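One file, entry_17.cif, carrying mmCIF, C-alpha atoms and all ligand atoms:
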data_coords
loop_
_atom_site.label_atom_id
_atom_site.label_comp_id
_atom_site.auth_asym_id
_atom_site.auth_seq_id
_atom_site.Cartn_x
_atom_site.Cartn_y
_atom_site.Cartn_z
CA MET S 20 -8.57 -17.55 5.62
CA GLN S 21 -5.93 -17.74 2.91
CA ARG S 22 -4.96 -14.20 2.07
CA ARG S 23 -3.02 -13.78 -1.14
CA TYR S 24 0.24 -11.93 -0.61
CA LEU S 25 0.49 -8.53 -2.22
CA VAL S 26 3.68 -6.63 -2.96
CA ALA S 27 3.21 -3.07 -4.19
CA GLY S 28 5.99 -0.80 -5.39
CA ASN S 29 5.52 2.90 -4.67
CA TRP S 30 7.86 4.63 -7.09
CA LYS S 31 7.09 8.02 -5.53
CA MET S 32 8.43 10.92 -7.66
CA ASN S 33 10.92 8.79 -9.57
CA GLY S 34 11.09 7.53 -13.12
CA SER S 35 11.43 8.45 -16.77
CA TYR S 36 10.23 6.75 -19.94
CA GLY S 37 13.58 5.00 -20.31
CA ALA S 38 14.00 3.96 -16.68
CA ASN S 39 10.40 2.78 -16.41
CA ALA S 40 10.63 0.66 -19.55
CA ALA S 41 13.84 -0.99 -18.36
CA LEU S 42 12.40 -1.68 -14.89
CA ILE S 43 9.14 -3.11 -16.23
CA ALA S 44 10.97 -5.25 -18.79
CA SER S 45 13.05 -6.82 -16.00
CA LEU S 46 10.03 -7.35 -13.76
CA LYS S 47 8.06 -8.97 -16.58
CA GLN S 48 10.80 -11.50 -17.21
CA ARG S 49 10.33 -12.97 -13.75
CA ALA S 50 6.86 -11.96 -12.56
CA GLY S 51 5.27 -15.18 -13.80
CA GLU S 52 7.36 -17.17 -11.29
CA TYR S 53 5.60 -15.51 -8.35
CA ASP S 54 2.12 -16.83 -8.95
CA ALA S 55 1.15 -16.79 -5.26
CA VAL S 56 1.79 -13.06 -5.09
CA GLU S 57 -0.16 -10.14 -6.49
CA ILE S 58 2.41 -7.62 -7.70
CA VAL S 59 1.50 -3.97 -8.22
CA VAL S 60 3.57 -1.06 -9.49
CA CYS S 61 2.60 2.53 -8.68
CA PRO S 62 4.45 4.96 -10.95
CA PRO S 63 3.95 8.73 -10.95
CA ALA S 64 0.60 9.69 -12.49
CA VAL S 65 2.11 11.06 -15.67
CA TYR S 66 3.54 7.61 -16.50
CA LEU S 67 0.51 5.51 -15.59
CA GLU S 68 -0.70 5.13 -19.13
CA SER S 69 2.66 4.19 -20.67
CA VAL S 70 3.54 1.82 -17.83
CA GLY S 71 0.04 0.34 -18.06
CA ARG S 72 0.63 -0.42 -21.74
CA GLU S 73 3.91 -2.13 -20.91
CA LEU S 74 2.20 -4.27 -18.27
CA ALA S 75 -0.59 -5.33 -20.60
CA ASP S 76 0.58 -8.88 -21.31
CA SER S 77 1.85 -9.61 -17.80
CA PRO S 78 0.38 -10.51 -14.41
CA LEU S 79 1.66 -7.21 -12.98
CA LEU S 80 -1.01 -4.73 -11.95
CA LEU S 81 -1.07 -0.96 -12.06
CA GLY S 82 -1.66 1.33 -9.10
CA ALA S 83 -1.66 5.08 -8.57
CA GLN S 84 -0.04 6.95 -5.70
CA ASP S 85 -2.91 9.31 -4.92
CA LEU S 86 -6.26 10.58 -6.16
CA ASN S 87 -8.55 13.50 -5.54
CA GLU S 88 -11.37 13.02 -3.05
CA GLN S 89 -14.08 14.23 -5.45
CA ALA S 90 -16.36 11.67 -7.02
CA THR S 91 -17.12 13.75 -10.12
CA PRO S 92 -15.06 15.90 -12.51
CA GLY S 93 -14.75 19.61 -11.97
CA ALA S 94 -12.60 22.68 -11.40
CA PHE S 95 -9.75 21.20 -9.34
CA THR S 96 -6.59 22.31 -11.09
CA GLY S 97 -3.82 19.77 -11.01
CA GLU S 98 -5.95 17.03 -9.45
CA ILE S 99 -6.79 13.57 -10.73
CA LEU S 100 -10.18 11.89 -10.44
CA GLY S 101 -10.47 8.23 -9.49
CA ALA S 102 -12.42 7.47 -12.68
CA MET S 103 -9.46 8.77 -14.69
CA LEU S 104 -7.11 6.39 -12.92
CA ALA S 105 -9.50 3.53 -13.57
CA GLU S 106 -9.74 4.53 -17.23
CA VAL S 107 -5.97 4.34 -17.72
CA GLY S 108 -5.93 0.87 -16.20
CA CYS S 109 -5.29 1.30 -12.47
CA ARG S 110 -6.61 -1.40 -10.17
CA TYR S 111 -5.20 0.05 -6.94
CA VAL S 112 -4.53 3.47 -5.47
CA ILE S 113 -2.50 4.41 -2.41
CA VAL S 114 -4.43 6.57 0.05
CA GLY S 115 -3.16 8.49 3.07
CA HIS S 116 0.55 7.86 2.57
CA SER S 117 2.50 9.49 5.39
CA GLU S 118 4.30 11.74 2.90
CA ARG S 119 0.91 13.09 1.81
CA ARG S 120 -0.09 13.51 5.43
CA ALA S 121 3.16 15.19 6.51
CA LEU S 122 4.08 17.23 3.43
CA TYR S 123 0.68 18.09 1.97
CA GLY S 124 -1.44 18.40 5.09
CA GLU S 125 -3.64 15.43 4.34
CA THR S 126 -5.90 14.81 7.32
CA ASP S 127 -7.52 11.58 8.49
CA LEU S 128 -10.80 12.90 7.12
CA ARG S 129 -9.30 13.67 3.70
CA GLY S 130 -7.83 10.18 3.65
CA ALA S 131 -11.29 8.78 4.37
CA GLU S 132 -12.78 10.85 1.56
CA LYS S 133 -10.11 9.59 -0.83
CA PHE S 134 -10.76 6.03 0.28
CA ALA S 135 -14.45 6.50 -0.57
CA ALA S 136 -13.64 8.19 -3.89
CA ALA S 137 -11.34 5.31 -4.83
CA GLN S 138 -14.04 2.74 -4.20
CA ALA S 139 -16.62 4.85 -6.03
CA ALA S 140 -14.31 4.58 -9.06
CA ARG S 141 -13.95 0.82 -8.53
CA LEU S 142 -10.34 1.18 -7.47
CA ILE S 143 -8.98 -0.74 -4.49
CA PRO S 144 -7.57 1.69 -1.93
CA ILE S 145 -4.35 0.81 -0.17
CA LEU S 146 -4.91 2.76 3.04
CA CYS S 147 -1.67 3.71 4.81
CA VAL S 148 -1.58 4.17 8.56
CA GLY S 149 1.37 4.56 10.86
CA GLU S 150 2.81 6.40 13.83
CA THR S 151 5.74 8.80 14.03
CA LEU S 152 8.81 8.05 16.11
CA GLU S 153 7.64 10.48 18.77
CA GLU S 154 4.25 8.79 18.94
CA ARG S 155 5.89 5.37 19.26
CA LYS S 156 8.20 6.65 22.00
CA ASN S 157 5.39 8.19 24.00
CA GLY S 158 3.33 5.04 23.81
CA SER S 159 0.57 6.32 21.57
CA THR S 160 1.09 3.99 18.61
CA GLU S 161 -2.18 2.15 19.11
CA SER S 162 -4.28 5.25 19.72
CA VAL S 163 -2.84 6.92 16.60
CA LEU S 164 -3.61 3.86 14.48
CA GLN S 165 -7.09 3.61 15.98
CA ARG S 166 -7.74 7.25 15.13
CA GLN S 167 -6.52 6.87 11.54
CA LEU S 168 -8.56 3.72 11.04
CA GLU S 169 -11.65 5.06 12.79
CA ALA S 170 -11.84 8.03 10.43
CA VAL S 171 -12.27 5.66 7.51
CA ILE S 172 -14.63 3.28 9.29
CA GLU S 173 -16.81 6.20 10.32
CA ALA S 174 -16.93 7.69 6.84
CA CYS S 175 -17.13 4.52 4.77
CA GLY S 176 -18.36 1.77 7.09
CA ILE S 177 -16.65 -1.47 7.99
CA ALA S 178 -18.05 -3.19 4.89
CA ALA S 179 -15.82 -0.97 2.76
CA PHE S 180 -12.82 -2.90 4.06
CA ALA S 181 -14.00 -5.97 2.17
CA ASN S 182 -12.56 -4.34 -0.90
CA ALA S 183 -9.49 -2.59 0.39
CA VAL S 184 -5.94 -3.16 1.54
CA LEU S 185 -4.40 -1.74 4.70
CA ALA S 186 -0.72 -0.84 4.92
CA TYR S 187 1.01 -0.38 8.24
CA GLU S 188 3.81 2.07 7.58
CA PRO S 189 5.56 3.35 10.68
CA VAL S 190 6.68 6.84 9.67
CA TRP S 191 10.02 6.35 11.38
CA ALA S 192 10.77 3.41 9.10
CA ILE S 193 9.95 5.02 5.76
CA GLY S 194 13.02 5.75 3.71
CA THR S 195 15.18 5.69 6.81
CA GLY S 196 16.71 2.22 6.63
CA HIS S 197 15.33 1.58 10.15
CA THR S 198 12.74 -1.08 9.64
CA ALA S 199 10.36 -2.31 12.30
CA SER S 200 11.46 -5.64 13.70
CA PRO S 201 9.38 -8.61 12.52
CA GLU S 202 7.95 -8.80 16.05
CA GLN S 203 7.02 -5.11 16.10
CA ALA S 204 5.38 -5.39 12.68
CA GLN S 205 3.44 -8.54 13.58
CA ALA S 206 2.23 -7.03 16.86
CA VAL S 207 0.84 -3.96 15.12
CA HIS S 208 -0.70 -5.98 12.29
CA ALA S 209 -2.43 -8.21 14.83
CA PHE S 210 -3.66 -5.11 16.65
CA LEU S 211 -5.05 -3.58 13.45
CA ARG S 212 -6.79 -6.82 12.53
CA SER S 213 -8.28 -7.14 16.01
CA GLU S 214 -9.57 -3.56 15.86
CA LEU S 215 -11.39 -4.37 12.61
CA ALA S 216 -12.57 -7.72 13.96
CA LYS S 217 -14.47 -5.89 16.69
CA ARG S 218 -16.69 -4.58 13.86
CA ASP S 219 -16.64 -7.56 11.51
CA ALA S 220 -14.58 -10.68 12.10
CA ILE S 221 -14.95 -12.03 8.58
CA ILE S 222 -13.86 -8.82 6.90
CA ALA S 223 -10.95 -8.47 9.33
CA ASP S 224 -9.82 -11.99 8.61
CA SER S 225 -9.88 -11.53 4.86
CA LEU S 226 -8.24 -8.08 4.81
CA ARG S 227 -4.68 -7.95 3.56
CA ILE S 228 -2.41 -5.89 5.78
CA LEU S 229 0.90 -4.90 4.19
CA TYR S 230 3.99 -3.77 6.02
CA GLY S 231 5.89 -0.79 4.63
CA GLY S 232 9.04 0.93 5.82
CA SER S 233 12.52 0.10 4.57
CA VAL S 234 11.60 -3.38 3.35
CA LYS S 235 14.63 -4.73 1.51
CA ALA S 236 15.65 -7.97 -0.13
CA ASP S 237 17.45 -9.04 3.04
CA ASN S 238 14.68 -8.37 5.59
CA ALA S 239 11.53 -9.13 3.59
CA ALA S 240 11.36 -12.84 4.43
CA GLN S 241 11.48 -12.22 8.20
CA LEU S 242 8.89 -9.44 8.00
CA PHE S 243 6.54 -11.45 5.78
CA ALA S 244 6.70 -14.43 8.12
CA GLY S 245 4.34 -12.72 10.57
CA ALA S 246 0.95 -14.41 10.64
CA ASP S 247 -0.83 -11.10 10.04
CA VAL S 248 1.63 -9.71 7.50
CA ASP S 249 0.30 -10.21 3.99
CA GLY S 250 2.98 -8.56 1.92
CA GLY S 251 4.63 -5.19 1.63
CA LEU S 252 4.38 -1.66 0.36
CA ILE S 253 7.84 -0.96 -0.98
CA GLY S 254 9.41 2.43 -1.65
CA GLY S 255 13.14 2.67 -2.39
CA ALA S 256 13.64 -1.01 -3.13
CA ALA S 257 10.86 -0.91 -5.74
CA LEU S 258 13.07 1.09 -8.07
CA LYS S 259 15.61 -1.66 -8.63
CA ALA S 260 14.31 -4.73 -10.43
CA ALA S 261 16.61 -7.17 -8.63
CA ASP S 262 15.64 -5.84 -5.21
CA PHE S 263 11.93 -5.70 -5.93
CA LEU S 264 11.97 -9.21 -7.42
CA ALA S 265 13.83 -10.54 -4.39
CA ILE S 266 11.07 -9.09 -2.19
CA CYS S 267 8.43 -10.71 -4.42
CA LEU S 268 10.30 -14.00 -4.08
CA ALA S 269 10.27 -13.66 -0.30
CA ALA S 270 6.50 -13.19 -0.46
CA GLN S 271 6.14 -16.18 -2.74
CA LYS S 272 8.12 -18.35 -0.33
CA SER S 273 6.13 -17.08 2.64
CA SER S 274 2.85 -17.77 0.89
CA ARG S 275 0.47 -19.71 3.05
CA SER S 276 -1.55 -20.82 0.04
C1 LIG F 1 6.86 3.97 1.31
O1 LIG F 1 7.11 5.11 0.95
O2 LIG F 1 5.69 3.56 1.28
C2 LIG F 1 7.96 3.14 1.78
C3 LIG F 1 7.66 2.06 2.44
O3 LIG F 1 9.22 3.58 1.49
P1 LIG F 1 10.61 2.80 1.81
O4 LIG F 1 10.40 1.37 1.41
O5 LIG F 1 11.62 3.48 0.96
O6 LIG F 1 10.85 2.93 3.26
#
Just give me the structure of the file as C-alpha cells.
Amino acid sequence: MQRRYLVAGNWKMNGSYGANAALIASLKQRAGEYDAVEIVVCPPAVYLESVGRELADSPLLLGAQDLNEQATPGAFTGEILGAMLAEVGCRYVIVGHSERRALYGETDLRGAEKFAAAQAARLIPILCVGETLEERKNGSTESVLQRQLEAVIEACGIAAFANAVLAYEPVWAIGTGHTASPEQAQAVHAFLRSELAKRDAIIADSLRILYGGSVKADNAAQLFAGADVDGGLIGGAALKAADFLAICLAAQKSSRS
C-alpha cells in the first residue's frame, strides 16, 4: 500500500496575525514543490479562519489542535465544536496530544470521545499516542500504547481508523531535543500497525502513522526512512518556514510513491 506522506505543523500556543502571515507566505512559495506530501498547519483556534483564508489558493491544509468531545452545540463555555472547525475550513484535528493529557487531564476515554466527535464533524483526527520516559524505562511502552489505542478502538471501532491518522509521540521526545532514534521510531510504528492489523489488516496497512518528537531538518530524513513511518507531527520546527520546509522536503524525498 502506498501511503501518502503527511507532515503536520502543530503551532501550539504560538503566533500572531503578522507572524502567521509571514510564515504562511513563505510556506506557500515552496509548498507546490512537495507534491508527494500532504502538508497541514495547525494554528491556535483563534487564528484558524485567517490562516485558512491565507491557505485558500495553496495545497496546504488546515488543522486544529483540539476540539470538544460533544457532537452538538451547547453550554460548554470556552469550548469548540468539531462542526465549527469544519465550517472554518479545517480538514484535520489533533486529538489526545500529550500536552492535553498531561496538563489538562485528558483521559484515554476523553481522547476516544474527541476522536468520534471529529469524525462526526467530517474532520480527520490525528490521534496522538506515546509513552513517558518512566514508562519507556520500566518496559511498559507497548502496554501503554495498547491501552491508548484500545480506548479508541473500543469506543469507535476499527473501521474508524480508515479515516484517521495516528501519531506516535514519545512524551520524552516532545520539545526536549531528544528524539527517538530512527530504529526506536520504526519499531514502535511497526508495533502499532501490527496491533491494528490484528483487527483489520487492510485498514492497518493503509493507516498513516506519523512520528512526532523533536523532528528537525537534520533528523527528519532518517526518521522518515522507516518503512512504517509516514511523515511527522512537528512542534517547534513548524514555526520556522525554513525548518518546516526542510522537513517537508525530507518527506518528499522519502516518498515511496
Ligand atoms: C508536538 O508537540 O507534537 C511535537 C512533536 O513537538 P516538538 O516537535 O517540538 O517536539
Separation of CA of Ala105 in chain S from CA of Tyr53 in chain S in Å = 24.9 Å
Selected residue, from S:Val171, S:Ala102, S:Ala192, S:Ala265, that lies nearest to ligand LIG 1 (chain F) when counting all atoms listed in the file =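 Of the candidates, the smallest distance to ligand LIG 1 (chain F) is held by S:Ala192.
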Using CA of Leu211 in chain S and CA of Phe180 in chain S as the two end points, give the distance in Å to one decimal.
->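 So the two atoms, CA of Leu211 in chain S and CA of Phe180 in chain S, lie 12.2 Å apart.
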Need the axis-aligned box for ligand LIG 1 (chain F) with 5 Å each side, so what are the centre and edges in Å to one decimal, as lines of an AutoDock Vina configuration file?
center_x = 8.7
center_y = 3.2
center_z = 2.1
size_x = 15.9
size_y = 13.7
size_z = 12.3
For range 143-147 of chain S: contacts at 9 Å, all atoms listed in the file, fewer than 3 positions along chain excluded, given as a PyMOL selection string | chain S and resi 82+110-117+130-131+133-135+137-138+140+167-168+182-188+229+231
Ligand LIG 1 (chain F): which residues are within 9 Å, counting only C-alpha atoms and all ligand atoms, as a PyMOL selection string?
-> chain S and resi 27-31+116-118+147+186+188-198+230-235+251-257
Go ahead and dump the residues you just picked, C-alpha atoms, as a CSV table (one decimal), in the coordinates of the input.
chain,number,residue,atom,x,y,z
S,27,ALA,CA,3.2,-3.1,-4.2
S,28,GLY,CA,6.0,-0.8,-5.4
S,29,ASN,CA,5.5,2.9,-4.7
S,30,TRP,CA,7.9,4.6,-7.1
S,31,LYS,CA,7.1,8.0,-5.5
S,116,HIS,CA,0.6,7.9,2.6
S,117,SER,CA,2.5,9.5,5.4
S,118,GLU,CA,4.3,11.7,2.9
S,147,CYS,CA,-1.7,3.7,4.8
S,186,ALA,CA,-0.7,-0.8,4.9
S,188,GLU,CA,3.8,2.1,7.6
S,189,PRO,CA,5.6,3.4,10.7
S,190,VAL,CA,6.7,6.8,9.7
S,191,TRP,CA,10.0,6.4,11.4
S,192,ALA,CA,10.8,3.4,9.1
S,193,ILE,CA,10.0,5.0,5.8
S,194,GLY,CA,13.0,5.8,3.7
S,195,THR,CA,15.2,5.7,6.8
S,196,GLY,CA,16.7,2.2,6.6
S,197,HIS,CA,15.3,1.6,10.2
S,198,THR,CA,12.7,-1.1,9.6
S,230,TYR,CA,4.0,-3.8,6.0
S,231,GLY,CA,5.9,-0.8,4.6
S,232,GLY,CA,9.0,0.9,5.8
S,233,SER,CA,12.5,0.1,4.6
S,234,VAL,CA,11.6,-3.4,3.4
S,235,LYS,CA,14.6,-4.7,1.5
S,251,GLY,CA,4.6,-5.2,1.6
S,252,LEU,CA,4.4,-1.7,0.4
S,253,ILE,CA,7.8,-1.0,-1.0
S,254,GLY,CA,9.4,2.4,-1.6
S,255,GLY,CA,13.1,2.7,-2.4
S,256,ALA,CA,13.6,-1.0,-3.1
S,257,ALA,CA,10.9,-0.9,-5.7
In Å to one decimal, how far is CA of Ile43 in chain S from CA of Gly108 in chain S?
->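 Atom-to-atom, CA of Gly108 in chain S and CA of Ile43 in chain S are spaced 15.6 Å apart.
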Nearest to Leu242 in chain S by atom-to-atom distance, counting all atoms listed in the file, from S:Val207, S:Ala136, S:Ala220, S:Ala199 =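 Ranking S:Val207, S:Ala136, S:Ala220, S:Ala199 by distance to Leu242 in chain S, first place goes to S:Ala199.
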Distance criterion (only C-alpha atoms): nearest to Ala83 in chain S out of S:Ala38, S:Leu142, S:Ile172, S:Leu46 = S:Leu142
What lies within 10 Å of Val56 in chain S using only C-alpha atoms, ignoring chain neighbours under 3 positions off, as a list in words?
-> Arg22, Arg23, Tyr24, Leu25, Val26, Ala50, Gly51, Glu52, Tyr53, Val59, Pro78, Leu79, Asp249, Gly250, Cys267, Leu268, Ala269, Ala270, Gln271, Lys272, Ser273, Ser274 and Ser276 of chain S
Go through S:Asn238, S:Ser45, S:Asn39, S:Thr160 one by one, measure the shortest atom-to-atom distance of each to Ala260 in chain S using all atoms listed in the file, and give the residue with the smallest value.
-> S:Ser45
Using only C-alpha atoms, the shortest atom-to-atom distance to Ser77 in chain S among S:Ala206, S:Ala44, S:Val107, S:Leu164 belongs to S:Ala44
Please provide as an NGL selection string all residues within 9 Å of Ala40 in chain S, with the sequence filter that same-chain residues fewer than 4 positions apart are discarded (counting all atoms listed in the file).
-> :S and (35-36 or 44-45 or 69-70 or 73)
What's the 9 Å shell around Glu214 in chain S, counting all atoms listed in the file, without same-chain residues fewer than 4 positions away, as an MDAnalysis selection string?
-> chainID S and resid 165 168 209:210 218 223
Which of these, S:Glu57, S:Glu161, S:Glu169, S:Glu202, has the shortest distance to Val248 in chain S once you count all atoms listed in the file?
-> S:Glu202
